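Trainee: As input, take input.cif (mmCIF, C-alpha atoms):
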data_final
loop_
_atom_site.group_PDB
_atom_site.id
_atom_site.type_symbol
_atom_site.label_atom_id
_atom_site.label_comp_id
_atom_site.auth_asym_id
_atom_site.auth_seq_id
_atom_site.Cartn_x
_atom_site.Cartn_y
_atom_site.Cartn_z
ATOM 1 C CA MET A 1 63.841 -166.731 -44.074
ATOM 2 C CA ALA A 2 60.649 -166.995 -42.019
ATOM 3 C CA GLU A 3 57.415 -165.989 -43.765
ATOM 4 C CA LYS A 4 56.150 -162.536 -42.769
ATOM 5 C CA LYS A 5 53.206 -162.827 -40.397
ATOM 6 C CA ILE A 6 49.887 -161.251 -41.308
ATOM 7 C CA SER A 7 48.157 -158.709 -39.075
ATOM 8 C CA PRO A 8 44.996 -159.583 -37.103
ATOM 9 C CA ARG A 9 43.061 -157.336 -39.511
ATOM 10 C CA GLU A 10 44.386 -159.201 -42.546
ATOM 11 C CA PHE A 11 43.470 -162.451 -40.810
ATOM 12 C CA HIS A 12 39.905 -161.218 -40.362
ATOM 13 C CA GLU A 13 39.685 -160.087 -43.998
ATOM 14 C CA ARG A 14 40.906 -163.491 -45.196
ATOM 15 C CA MET A 15 38.421 -165.366 -43.065
ATOM 16 C CA LYS A 16 35.602 -163.107 -44.217
ATOM 17 C CA ALA A 17 36.550 -163.644 -47.871
ATOM 18 C CA ALA A 18 36.617 -167.429 -47.356
ATOM 19 C CA ARG A 19 32.979 -167.266 -46.216
ATOM 20 C CA LYS A 20 32.092 -165.609 -49.535
ATOM 21 C CA ARG A 21 34.049 -168.088 -51.654
ATOM 22 C CA PRO A 22 32.330 -168.477 -55.058
ATOM 23 C CA HIS A 23 30.468 -171.703 -55.629
ATOM 24 C CA LYS A 24 31.781 -174.246 -58.117
ATOM 25 C CA PRO A 25 29.411 -174.355 -61.151
ATOM 26 C CA GLU A 26 30.041 -178.091 -61.625
ATOM 27 C CA LEU A 27 28.916 -178.780 -58.039
ATOM 28 C CA ILE A 28 25.781 -176.665 -58.446
ATOM 29 C CA GLU A 29 25.028 -178.632 -61.607
ATOM 30 C CA LYS A 30 25.717 -181.931 -59.849
ATOM 31 C CA PHE A 31 23.442 -180.976 -56.950
ATOM 32 C CA ASN A 32 20.618 -179.737 -59.192
ATOM 33 C CA LYS A 33 20.801 -182.919 -61.284
ATOM 34 C CA ILE A 34 20.451 -185.058 -58.132
ATOM 35 C CA VAL A 35 17.408 -183.049 -57.007
ATOM 36 C CA GLU A 36 15.901 -183.271 -60.477
ATOM 37 C CA LEU A 37 16.312 -187.082 -60.547
ATOM 38 C CA ASP A 38 14.829 -187.335 -57.046
ATOM 39 C CA ASP A 39 11.783 -185.312 -58.134
ATOM 40 C CA LYS A 40 11.354 -187.423 -61.278
ATOM 41 C CA TYR A 41 11.582 -190.630 -59.233
ATOM 42 C CA GLU A 42 8.993 -189.381 -56.749
ATOM 43 C CA ARG A 43 6.597 -188.416 -59.542
ATOM 44 C CA GLU A 44 6.962 -191.875 -61.087
ATOM 45 C CA GLN A 45 6.316 -193.539 -57.756
ATOM 46 C CA GLN A 46 3.167 -191.474 -57.314
ATOM 47 C CA GLU A 47 1.922 -192.459 -60.769
ATOM 48 C CA LYS A 48 2.562 -196.157 -60.067
ATOM 49 C CA LYS A 49 0.369 -196.126 -56.969
ATOM 50 C CA PRO A 50 -3.012 -197.830 -57.736
ATOM 51 C CA THR A 51 -5.988 -195.455 -57.512
ATOM 52 C CA LYS A 52 -8.334 -196.379 -54.711
ATOM 53 C CA LYS A 53 -11.773 -197.536 -55.860
ATOM 54 C CA ILE A 54 -14.671 -196.253 -53.818
ATOM 55 C CA ALA A 55 -16.604 -199.203 -52.420
ATOM 56 C CA HIS A 56 -20.081 -199.516 -53.890
ATOM 57 C CA PRO A 57 -22.461 -199.209 -50.958
ATOM 58 C CA PRO A 58 -25.159 -201.970 -51.017
ATOM 59 C CA GLU A 59 -27.896 -199.457 -50.286
ATOM 60 C CA ALA A 60 -27.107 -197.774 -53.602
ATOM 61 C CA ASP A 61 -28.782 -200.771 -55.349
ATOM 62 C CA LEU A 62 -31.980 -200.341 -53.432
ATOM 63 C CA MET B 1 44.568 -166.721 -6.868
ATOM 64 C CA GLY B 2 45.082 -165.436 -10.381
ATOM 65 C CA GLN B 3 44.207 -161.988 -11.591
ATOM 66 C CA VAL B 4 41.836 -160.779 -14.287
ATOM 67 C CA ILE B 5 43.709 -158.179 -16.346
ATOM 68 C CA PRO B 6 41.550 -155.900 -18.510
ATOM 69 C CA PHE B 7 42.862 -155.223 -22.028
ATOM 70 C CA THR B 8 43.443 -151.556 -21.155
ATOM 71 C CA GLU B 9 45.870 -152.538 -18.374
ATOM 72 C CA PHE B 10 47.695 -155.105 -20.424
ATOM 73 C CA LYS B 11 50.778 -153.086 -21.364
ATOM 74 C CA SER B 12 51.908 -152.391 -17.787
ATOM 75 C CA TYR B 13 51.014 -155.971 -16.747
ATOM 76 C CA PHE B 14 52.942 -157.389 -19.683
ATOM 77 C CA ALA B 15 56.045 -155.356 -18.800
ATOM 78 C CA SER B 16 56.019 -156.991 -15.344
ATOM 79 C CA THR B 17 55.816 -160.519 -16.778
ATOM 80 C CA ARG B 18 58.726 -159.770 -19.140
ATOM 81 C CA SER B 19 61.023 -159.170 -16.184
ATOM 82 C CA ASP B 20 60.138 -162.557 -14.644
ATOM 83 C CA GLY B 21 62.669 -164.974 -16.095
ATOM 84 C CA SER B 22 60.807 -168.048 -14.866
ATOM 85 C CA VAL B 23 57.912 -167.660 -17.296
ATOM 86 C CA ALA B 24 57.857 -168.566 -20.977
ATOM 87 C CA GLN B 25 57.282 -165.848 -23.550
ATOM 88 C CA GLY B 26 53.947 -166.792 -24.992
ATOM 89 C CA THR B 27 50.210 -167.080 -24.348
ATOM 90 C CA ILE B 28 47.210 -169.236 -25.175
ATOM 91 C CA LEU B 29 44.353 -167.666 -27.134
ATOM 92 C CA ASP B 30 41.003 -169.024 -26.031
ATOM 93 C CA THR B 31 38.470 -170.065 -28.682
ATOM 94 C CA ASN B 32 36.191 -167.085 -28.004
ATOM 95 C CA ILE B 33 39.054 -164.662 -28.754
ATOM 96 C CA LEU B 34 39.697 -166.318 -32.112
ATOM 97 C CA ILE B 35 35.974 -166.317 -32.891
ATOM 98 C CA SER B 36 35.560 -162.649 -31.938
ATOM 99 C CA LEU B 37 38.527 -161.765 -34.111
ATOM 100 C CA THR B 38 37.130 -163.679 -37.081
ATOM 101 C CA TYR B 39 33.443 -162.957 -36.838
ATOM 102 C CA GLU B 40 32.465 -159.287 -37.019
ATOM 103 C CA VAL B 41 28.958 -160.083 -35.788
ATOM 104 C CA LYS B 42 30.291 -160.723 -32.251
ATOM 105 C CA SER B 43 29.634 -157.809 -29.917
ATOM 106 C CA ASN B 44 33.262 -157.572 -28.751
ATOM 107 C CA HIS B 45 34.814 -157.944 -32.220
ATOM 108 C CA GLU B 46 36.193 -154.385 -32.286
ATOM 109 C CA GLU B 47 37.509 -154.619 -28.716
ATOM 110 C CA VAL B 48 39.344 -157.876 -29.456
ATOM 111 C CA MET B 49 40.632 -156.594 -32.804
ATOM 112 C CA ALA B 50 42.010 -153.432 -31.171
ATOM 113 C CA PHE B 51 43.747 -155.506 -28.480
ATOM 114 C CA LEU B 52 45.360 -157.846 -30.958
ATOM 115 C CA MET B 53 46.403 -155.024 -33.299
ATOM 116 C CA GLY B 54 47.660 -152.709 -30.571
ATOM 117 C CA CYS B 55 49.040 -155.099 -27.939
ATOM 118 C CA LEU B 56 49.612 -158.685 -29.061
ATOM 119 C CA ALA B 57 50.735 -158.232 -32.700
ATOM 120 C CA PRO B 58 53.598 -155.853 -31.757
ATOM 121 C CA VAL B 59 54.937 -158.236 -29.074
ATOM 122 C CA ARG B 60 54.417 -161.203 -31.417
ATOM 123 C CA ASP B 61 56.693 -159.447 -33.894
ATOM 124 C CA GLN B 62 59.326 -159.276 -31.146
ATOM 125 C CA GLY B 63 59.215 -163.026 -30.527
ATOM 126 C CA PHE B 64 56.324 -163.422 -28.062
ATOM 127 C CA ARG B 65 54.448 -166.557 -29.157
ATOM 128 C CA LEU B 66 50.718 -167.134 -29.587
ATOM 129 C CA PHE B 67 49.276 -170.602 -29.093
ATOM 130 C CA THR B 68 46.136 -172.671 -29.405
ATOM 131 C CA THR B 69 45.645 -175.934 -27.509
ATOM 132 C CA VAL B 70 44.021 -179.007 -29.002
ATOM 133 C CA ASN B 71 40.721 -177.826 -27.452
ATOM 134 C CA THR B 72 40.782 -174.196 -28.577
ATOM 135 C CA ARG B 73 41.886 -175.202 -32.066
ATOM 136 C CA SER B 74 39.198 -177.847 -32.516
ATOM 137 C CA GLU B 75 36.486 -175.566 -31.080
ATOM 138 C CA PHE B 76 37.537 -172.783 -33.451
ATOM 139 C CA LEU B 77 37.503 -175.101 -36.469
ATOM 140 C CA ASP B 78 34.127 -176.409 -35.374
ATOM 141 C CA PHE B 79 32.699 -172.899 -35.143
ATOM 142 C CA ASN B 80 33.921 -172.210 -38.679
ATOM 143 C CA ARG B 81 32.330 -175.432 -39.944
ATOM 144 C CA ARG B 82 28.946 -174.394 -38.511
ATOM 145 C CA LEU B 83 29.307 -170.780 -39.649
ATOM 146 C CA LEU B 84 30.143 -171.753 -43.249
ATOM 147 C CA MET B 85 27.234 -174.187 -43.384
ATOM 148 C CA THR B 86 24.826 -171.631 -41.888
ATOM 149 C CA GLU B 87 25.695 -168.771 -44.222
ATOM 150 C CA ASN B 88 25.833 -170.950 -47.328
ATOM 151 C CA LEU B 89 22.524 -172.694 -46.592
ATOM 152 C CA ARG B 90 20.793 -169.375 -45.983
ATOM 153 C CA ASP B 91 22.203 -167.969 -49.234
ATOM 154 C CA ALA B 92 21.168 -171.127 -51.087
ATOM 155 C CA ILE B 93 17.469 -170.546 -50.349
ATOM 156 C CA ASP B 94 17.569 -166.899 -51.413
ATOM 157 C CA GLU B 95 15.519 -165.854 -54.395
ATOM 158 C CA GLY B 96 17.810 -165.969 -57.425
ATOM 159 C CA SER B 97 20.069 -168.627 -55.917
ATOM 160 C CA PRO B 98 21.325 -171.136 -58.513
ATOM 161 C CA TRP B 99 20.797 -174.024 -56.060
ATOM 162 C CA LYS B 100 17.508 -175.887 -56.593
ATOM 163 C CA ILE B 101 16.886 -176.712 -52.956
ATOM 164 C CA PRO B 102 14.026 -179.264 -52.492
ATOM 165 C CA ALA B 103 10.880 -177.694 -51.056
ATOM 166 C CA LYS B 104 10.958 -179.702 -47.803
ATOM 167 C CA ALA B 105 14.608 -178.805 -47.101
ATOM 168 C CA LYS B 106 13.959 -175.167 -47.980
ATOM 169 C CA ALA B 107 11.073 -175.032 -45.502
ATOM 170 C CA HIS B 108 13.325 -176.476 -42.778
ATOM 171 C CA ILE B 109 16.138 -174.001 -43.493
ATOM 172 C CA GLN B 110 13.625 -171.141 -43.361
ATOM 173 C CA TYR B 111 12.200 -172.412 -40.083
ATOM 174 C CA GLN B 112 15.651 -172.852 -38.500
ATOM 175 C CA SER B 113 16.700 -169.398 -39.778
ATOM 176 C CA GLY B 114 13.713 -167.952 -37.947
ATOM 177 C CA GLN B 115 15.016 -169.590 -34.760
ATOM 178 C CA LEU B 116 18.388 -167.941 -35.384
ATOM 179 C CA LYS B 117 16.791 -164.524 -35.599
ATOM 180 C CA ARG B 118 15.207 -165.062 -32.201
ATOM 181 C CA ARG B 119 18.533 -166.261 -30.783
ATOM 182 C CA GLU B 120 20.299 -163.204 -32.193
ATOM 183 C CA GLN B 121 17.730 -160.906 -30.559
ATOM 184 C CA GLN B 122 18.629 -162.541 -27.247
ATOM 185 C CA GLY B 123 22.351 -161.872 -27.773
ATOM 186 C CA GLY B 124 23.322 -165.240 -29.276
ATOM 187 C CA ASP B 125 25.192 -165.959 -32.496
ATOM 188 C CA PRO B 126 23.159 -166.407 -35.679
ATOM 189 C CA VAL B 127 24.923 -169.695 -36.350
ATOM 190 C CA PHE B 128 23.161 -173.048 -36.603
ATOM 191 C CA THR B 129 23.811 -175.481 -33.764
ATOM 192 C CA ASP B 130 24.721 -179.054 -34.597
ATOM 193 C CA THR B 131 21.189 -180.122 -33.690
ATOM 194 C CA GLN B 132 19.788 -177.684 -36.264
ATOM 195 C CA ILE B 133 22.278 -178.817 -38.910
ATOM 196 C CA LYS B 134 21.342 -182.461 -38.247
ATOM 197 C CA THR B 135 17.648 -181.643 -38.704
ATOM 198 C CA ILE B 136 18.324 -179.878 -41.996
ATOM 199 C CA LYS B 137 20.657 -182.657 -43.143
ATOM 200 C CA SER B 138 17.928 -185.250 -42.593
ATOM 201 C CA THR B 139 15.580 -183.408 -44.969
ATOM 202 C CA PHE B 140 18.144 -183.794 -47.738
ATOM 203 C CA SER B 141 18.407 -187.519 -47.208
ATOM 204 C CA ALA B 142 15.371 -189.327 -45.885
ATOM 205 C CA GLY B 143 13.083 -190.895 -48.433
ATOM 206 C CA ARG B 144 14.830 -189.459 -51.448
ATOM 207 C CA PHE B 145 15.891 -191.679 -54.339
ATOM 208 C CA SER B 146 19.490 -190.477 -54.202
ATOM 209 C CA GLY B 147 19.831 -190.925 -50.427
ATOM 210 C CA ASN B 148 22.412 -188.501 -49.081
ATOM 211 C CA SER B 149 24.078 -187.535 -52.387
ATOM 212 C CA SER B 150 22.622 -184.020 -52.509
ATOM 213 C CA TRP B 151 23.822 -183.222 -48.967
ATOM 214 C CA LEU B 152 27.292 -184.547 -49.797
ATOM 215 C CA ALA B 153 27.433 -182.300 -52.880
ATOM 216 C CA LEU B 154 26.534 -179.284 -50.713
ATOM 217 C CA CYS B 155 29.236 -180.176 -48.179
ATOM 218 C CA GLU B 156 31.781 -180.564 -50.970
ATOM 219 C CA ASP B 157 31.052 -177.073 -52.241
ATOM 220 C CA PHE B 158 30.586 -175.285 -48.912
ATOM 221 C CA LEU B 159 33.276 -176.954 -46.808
ATOM 222 C CA ALA B 160 35.918 -178.817 -48.807
ATOM 223 C CA GLY B 161 39.349 -177.385 -48.034
ATOM 224 C CA GLN B 162 37.965 -174.686 -45.747
ATOM 225 C CA LEU B 163 39.245 -176.123 -42.460
ATOM 226 C CA ASP B 164 42.742 -176.404 -43.925
ATOM 227 C CA PHE B 165 42.398 -172.773 -44.979
ATOM 228 C CA VAL B 166 41.471 -171.749 -41.415
ATOM 229 C CA GLU B 167 44.508 -173.564 -40.004
ATOM 230 C CA LYS B 168 46.815 -172.082 -42.635
ATOM 231 C CA SER B 169 45.480 -168.601 -41.849
ATOM 232 C CA LEU B 170 46.117 -169.173 -38.137
ATOM 233 C CA ALA B 171 49.694 -170.162 -38.981
ATOM 234 C CA ASN B 172 50.064 -167.013 -41.117
ATOM 235 C CA LEU B 173 48.838 -164.985 -38.147
ATOM 236 C CA GLY B 174 51.618 -166.596 -36.131
ATOM 237 C CA VAL B 175 49.331 -168.744 -33.992
ATOM 238 C CA GLU B 176 50.992 -172.074 -33.239
ATOM 239 C CA TYR B 177 49.673 -175.324 -31.820
ATOM 240 C CA ILE B 178 51.065 -176.085 -28.367
ATOM 241 C CA SER B 179 51.468 -179.686 -27.324
ATOM 242 C CA GLN B 180 53.372 -181.587 -24.702
ATOM 243 C CA HIS B 181 53.993 -184.264 -27.296
ATOM 244 C CA GLU B 182 56.153 -181.912 -29.376
ATOM 245 C CA SER B 183 59.718 -182.446 -28.208
ATOM 246 C CA HIS B 184 60.746 -178.891 -29.161
ATOM 247 C CA GLN B 185 58.009 -177.478 -26.875
ATOM 248 C CA LYS B 186 58.996 -179.393 -23.717
ATOM 249 C CA ASP B 187 60.416 -176.219 -22.151
ATOM 250 C CA PHE B 188 56.983 -174.604 -22.243
ATOM 251 C CA PHE B 189 55.695 -177.053 -19.629
ATOM 252 C CA HIS B 190 56.602 -177.585 -15.998
ATOM 253 C CA ARG B 191 54.364 -180.609 -15.396
ATOM 254 C CA LYS B 192 52.476 -183.340 -17.228
ATOM 255 C CA ILE B 193 48.940 -182.432 -18.394
ATOM 256 C CA ASP B 194 46.883 -184.867 -16.370
ATOM 257 C CA TRP B 195 43.189 -185.709 -16.607
ATOM 258 C CA PRO B 196 42.482 -185.724 -12.811
ATOM 259 C CA ASP B 197 43.698 -182.095 -12.632
ATOM 260 C CA ALA B 198 41.121 -181.073 -15.262
ATOM 261 C CA LYS B 199 38.376 -182.716 -13.191
ATOM 262 C CA ARG B 200 39.476 -180.860 -10.033
ATOM 263 C CA ILE B 201 39.383 -177.538 -11.945
ATOM 264 C CA ALA B 202 35.893 -178.345 -13.251
ATOM 265 C CA GLU B 203 34.671 -179.293 -9.769
ATOM 266 C CA ALA B 204 35.980 -176.133 -8.107
ATOM 267 C CA THR B 205 33.567 -173.710 -9.815
ATOM 268 C CA CYS B 206 31.378 -175.970 -11.976
ATOM 269 C CA LEU B 207 33.444 -174.998 -14.998
ATOM 270 C CA GLY B 208 32.629 -176.945 -18.166
ATOM 271 C CA LEU B 209 35.097 -179.748 -18.806
ATOM 272 C CA ALA B 210 36.121 -178.386 -22.201
ATOM 273 C CA ASP B 211 37.120 -175.108 -20.503
ATOM 274 C CA ALA B 212 38.721 -176.986 -17.607
ATOM 275 C CA MET B 213 40.924 -178.846 -20.101
ATOM 276 C CA ILE B 214 42.058 -175.527 -21.598
ATOM 277 C CA ILE B 215 42.818 -174.125 -18.128
ATOM 278 C CA ASN B 216 44.592 -177.345 -17.171
ATOM 279 C CA ALA B 217 46.871 -177.167 -20.224
ATOM 280 C CA PHE B 218 47.566 -173.534 -19.356
ATOM 281 C CA GLN B 219 48.269 -174.373 -15.698
ATOM 282 C CA SER B 220 50.685 -177.100 -16.754
ATOM 283 C CA SER B 221 52.548 -174.625 -18.926
ATOM 284 C CA ARG B 222 55.041 -171.931 -18.025
ATOM 285 C CA LEU B 223 52.990 -169.361 -19.951
ATOM 286 C CA PRO B 224 52.155 -166.413 -17.676
ATOM 287 C CA PHE B 225 48.594 -165.717 -18.810
ATOM 288 C CA ILE B 226 45.766 -166.833 -21.074
ATOM 289 C CA VAL B 227 43.640 -164.473 -23.200
ATOM 290 C CA SER B 228 39.910 -165.173 -22.973
ATOM 291 C CA SER B 229 36.546 -163.441 -23.041
ATOM 292 C CA ASP B 230 34.742 -166.265 -21.281
ATOM 293 C CA PHE B 231 33.227 -165.080 -17.995
ATOM 294 C CA ASP B 232 33.543 -168.593 -16.533
ATOM 295 C CA ILE B 233 37.284 -168.704 -17.188
ATOM 296 C CA GLY B 234 37.810 -165.427 -15.308
ATOM 297 C CA TYR B 235 35.526 -166.643 -12.528
ATOM 298 C CA ALA B 236 37.541 -169.875 -12.178
ATOM 299 C CA VAL B 237 40.809 -167.932 -12.049
ATOM 300 C CA LEU B 238 39.532 -165.548 -9.370
ATOM 301 C CA ALA B 239 37.975 -168.282 -7.268
ATOM 302 C CA THR B 240 40.808 -170.810 -7.299
ATOM 303 C CA LYS B 241 44.043 -170.146 -5.423
ATOM 304 C CA GLU B 242 46.349 -172.104 -7.686
ATOM 305 C CA LEU B 243 45.238 -170.677 -11.029
ATOM 306 C CA LYS B 244 47.225 -168.172 -13.080
ATOM 307 C CA ASP B 245 46.168 -164.918 -14.731
ATOM 308 C CA VAL B 246 43.699 -164.250 -17.501
ATOM 309 C CA VAL B 247 43.681 -161.217 -19.809
ATOM 310 C CA MET B 248 40.159 -160.218 -20.778
ATOM 311 C CA PRO B 249 38.193 -157.525 -22.630
ATOM 312 C CA ASP B 250 37.318 -154.651 -20.276
ATOM 313 C CA SER B 251 33.639 -155.283 -20.993
ATOM 314 C CA VAL B 252 33.970 -158.752 -19.409
ATOM 315 C CA ALA B 253 36.493 -157.821 -16.690
ATOM 316 C CA ARG B 254 34.048 -155.191 -15.357
ATOM 317 C CA LYS B 255 31.503 -157.888 -14.511
ATOM 318 C CA TYR B 256 33.645 -159.290 -11.679
ATOM 319 C CA ARG B 257 33.253 -156.087 -9.679
ATOM 320 C CA GLU B 258 29.956 -157.445 -8.387
ATOM 321 C CA TYR B 259 31.649 -160.537 -6.953
ATOM 322 C CA HIS B 260 33.775 -160.782 -3.849
ATOM 323 C CA PHE B 261 36.544 -163.297 -4.152
ATOM 324 C CA GLU B 262 38.712 -164.116 -1.148
ATOM 325 C CA GLU B 263 42.316 -162.928 -1.473
#
Let me see whether you can do it: turn the structure in this file into structure tokens.

Mentor:
Amino acid sequence: MAEKKISPREFHERMKAARKRPHKPELIEKFNKIVELDDKYEREQQEKKPTKKIAHPPEADL
Amino acid sequence: MGQVIPFTEFKSYFASTRSDGSVAQGTILDTNILISLTYEVKSNHEEVMAFLMGCLAPVRDQGFRLFTTVNTRSEFLDFNRRLLMTENLRDAIDEGSPWKIPAKAKAHIQYQSGQLKRREQQGGDPVFTDTQIKTIKSTFSAGRFSGNSSWLALCEDFLAGQLDFVEKSLANLGVEYISQHESHQKDFFHRKIDWPDAKRIAEATCLGLADAMIINAFQSSRLPFIVSSDFDIGYAVLATKELKDVVMPDSVARKYREYHFEE
């Protein structure tokens, strides 16, 4: 027997519900972990950068 | 020349097509009709919903068939892809969201959301364009240690399985895919869908090629009418002698009163 067709209103309700589908906790965790590692890496890179020494102007010895 | 039939005159028009044995019992739903039905933000959502509930669903239940073409189906899926990404990204930067969106990406999403508000005020859809999505995507990737991993994780959560769900829902609504390549649908066509014909349709009224391909598939079919809310589709039908009828929301059909098409 053929499946009963849904009404246009039911179709709309289904599509609306799909837009509000709950997020998967494991994917949120995965995403947040990636961002956290990125931030940590960037901080480390910043710390590795040599600090610029200000040139000693010759007139300072005068 | 074809006719533009307003929704409110559909029932009497439909009765006349039923008595014509040479036409197939079915119609093509244009992308904008599917979008208006799905997306309550569209201004003609209620008008389209009422038409489908009151006119098309009852005849569908009596065997009248509803179709999408390869173009209308892909455009509808594409709209859903952009809509899902837009709404999920905007939710993800909300205060209290569990997603730790990087500051640079958050700033871009906020900026692009501001553009959407302006577009909405001008009557457009508050849905990111592909250009906007590409800009946001790049902020999740460039220069970061993980490359594109964070963006891929977002896509997995926001989109995975959703396009299948859209197609399954269309099937549950009774909307089928029409194709000349399906042997069991051969009777729905009276000629081969040919590329040069699409170009001629586009040239006649400067219709976009994507729309011209939809009209060309429709013209090659034995279906009596197409359902659309696209002004350009109605314009093409009224301006071109060979084209068939289009059923449209009254709010769109009214606009042609200001034009004078030769009979």

Trainee: Can you work out which residues from chain A touch chain B at a cut-off of 9 Å (counting only C-alpha atoms) and hand them back as an NGL selection string?

Mentor: :A and (3-16 or 18-21 or 23-24 or 27-32 or 34-39 or 41-42)

Trainee: Using C-alpha atoms, can you write the selected residues to a file as a compact mmCIF listing (two decimals), in the frame of the given file?

Mentor:
# COMPACT_ATOMS: atom_id res chain seq x y z
CA GLU A 3 57.42 -165.99 -43.76
CA LYS A 4 56.15 -162.54 -42.77
CA LYS A 5 53.21 -162.83 -40.40
CA ILE A 6 49.89 -161.25 -41.31
CA SER A 7 48.16 -158.71 -39.08
CA PRO A 8 45.00 -159.58 -37.10
CA ARG A 9 43.06 -157.34 -39.51
CA GLU A 10 44.39 -159.20 -42.55
CA PHE A 11 43.47 -162.45 -40.81
CA HIS A 12 39.90 -161.22 -40.36
CA GLU A 13 39.68 -160.09 -44.00
CA ARG A 14 40.91 -163.49 -45.20
CA MET A 15 38.42 -165.37 -43.06
CA LYS A 16 35.60 -163.11 -44.22
CA ALA A 18 36.62 -167.43 -47.36
CA ARG A 19 32.98 -167.27 -46.22
CA LYS A 20 32.09 -165.61 -49.54
CA ARG A 21 34.05 -168.09 -51.65
CA HIS A 23 30.47 -171.70 -55.63
CA LYS A 24 31.78 -174.25 -58.12
CA LEU A 27 28.92 -178.78 -58.04
CA ILE A 28 25.78 -176.66 -58.45
CA GLU A 29 25.03 -178.63 -61.61
CA LYS A 30 25.72 -181.93 -59.85
CA PHE A 31 23.44 -180.98 -56.95
CA ASN A 32 20.62 -179.74 -59.19
CA ILE A 34 20.45 -185.06 -58.13
CA VAL A 35 17.41 -183.05 -57.01
CA GLU A 36 15.90 -183.27 -60.48
CA LEU A 37 16.31 -187.08 -60.55
CA ASP A 38 14.83 -187.34 -57.05
CA ASP A 39 11.78 -185.31 -58.13
CA TYR A 41 11.58 -190.63 -59.23
CA GLU A 42 8.99 -189.38 -56.75

Trainee: To one decimal place, how far is CA of Ser12 in chain B from CA of Ile178 in chain B in Å?

Mentor: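 Between CA of Ser12 in chain B and CA of Ile178 in chain B the gap works out to 26.0 Å.
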
Trainee: Rank nothing, just name the residue among B:Ala92, B:His260, B:Ile28, B:Leu163 nearest to Arg65 in chain B, using only C-alpha atoms.

Mentor: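 Result for the nearest residue to Arg65 in chain B: B:Ile28.
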
Trainee: Can you give me, as a ChimeraX atom specification, the residues this file yields under the PyMOL selection byres ((chain B and resi 194) around 10)?

Mentor: /B:191-193,195-199,213,216-217,220

Trainee: Go ahead and dump the residues you just picked, C-alpha atoms, as a PDB file, in the frame of the given file.

Mentor:
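Written file, again33.pdb:
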ATOM      1  CA  ARG B 191      54.364-180.609 -15.396  1.00  0.00           C
ATOM      2  CA  LYS B 192      52.476-183.340 -17.228  1.00  0.00           C
ATOM      3  CA  ILE B 193      48.940-182.432 -18.394  1.00  0.00           C
ATOM      4  CA  TRP B 195      43.189-185.709 -16.607  1.00  0.00           C
ATOM      5  CA  PRO B 196      42.482-185.724 -12.811  1.00  0.00           C
ATOM      6  CA  ASP B 197      43.698-182.095 -12.632  1.00  0.00           C
ATOM      7  CA  ALA B 198      41.121-181.073 -15.262  1.00  0.00           C
ATOM      8  CA  LYS B 199      38.376-182.716 -13.191  1.00  0.00           C
ATOM      9  CA  MET B 213      40.924-178.846 -20.101  1.00  0.00           C
ATOM     10  CA  ASN B 216      44.592-177.345 -17.171  1.00  0.00           C
ATOM     11  CA  ALA B 217      46.871-177.167 -20.224  1.00  0.00           C
ATOM     12  CA  SER B 220      50.685-177.100 -16.754  1.00  0.00           C
TER      13      SER B 220
END

Trainee: Given the file shown, determine the residues that the PyMOL selection byres ((chain B and resi 135) around 12) selects; report them as a short mmCIF file (atom, residue, chain, number, x, y, z; two decimals) with C-alpha atoms, keeping the file's coordinate frame.

Mentor:
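Listed below is the output, selection.cif:
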data_model
loop_
_atom_site.label_atom_id
_atom_site.label_comp_id
_atom_site.auth_asym_id
_atom_site.auth_seq_id
_atom_site.Cartn_x
_atom_site.Cartn_y
_atom_site.Cartn_z
CA LYS B 104 10.96 -179.70 -47.80
CA ALA B 105 14.61 -178.80 -47.10
CA LYS B 106 13.96 -175.17 -47.98
CA ALA B 107 11.07 -175.03 -45.50
CA HIS B 108 13.32 -176.48 -42.78
CA ILE B 109 16.14 -174.00 -43.49
CA TYR B 111 12.20 -172.41 -40.08
CA GLN B 112 15.65 -172.85 -38.50
CA PHE B 128 23.16 -173.05 -36.60
CA THR B 129 23.81 -175.48 -33.76
CA ASP B 130 24.72 -179.05 -34.60
CA THR B 131 21.19 -180.12 -33.69
CA GLN B 132 19.79 -177.68 -36.26
CA ILE B 133 22.28 -178.82 -38.91
CA LYS B 134 21.34 -182.46 -38.25
CA ILE B 136 18.32 -179.88 -42.00
CA LYS B 137 20.66 -182.66 -43.14
CA SER B 138 17.93 -185.25 -42.59
CA THR B 139 15.58 -183.41 -44.97
CA PHE B 140 18.14 -183.79 -47.74
CA SER B 141 18.41 -187.52 -47.21
CA ALA B 142 15.37 -189.33 -45.88
#

Trainee: Please define a box with edges along x, y and z of the file around all atoms of range 38-44 of chain A given in the file, extend it by 6 Å on each side, and return its centre and edge lengths in Å to one decimal, as JSON.

Mentor:
{"center_x": 10.7, "center_y": -188.6, "center_z": -59.0, "size_x": 20.2, "size_y": 18.6, "size_z": 16.5}

Trainee: To one decimal place in Å, what is the distance between CA of Arg119 in chain B and CA of Asp230 in chain B?

Mentor: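 Value for the CA of Arg119 in chain B-CA of Asp230 in chain B distance: 18.8 Å.
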
Trainee: Report as a ChimeraX atom specification the full result of the PyMOL selection byres ((chain B and resi 13) around 12) when it is applied to this structure.

Mentor: /B:3-12,14-20,55,224-225,245-247

Trainee: Could you tell me how far CA of Asp164 in chain B sits from CA of Ser97 in chain B, in Å to one decimal place?

Mentor: 26.8 Å

Trainee: Which residue, B:Glu242, B:Asp125, B:Glu167, B:Glu47, has the smallest gap to Thr86 in chain B when you use all atoms listed in the file?

Mentor: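 Smallest distance to Thr86 in chain B is found for B:Asp125.
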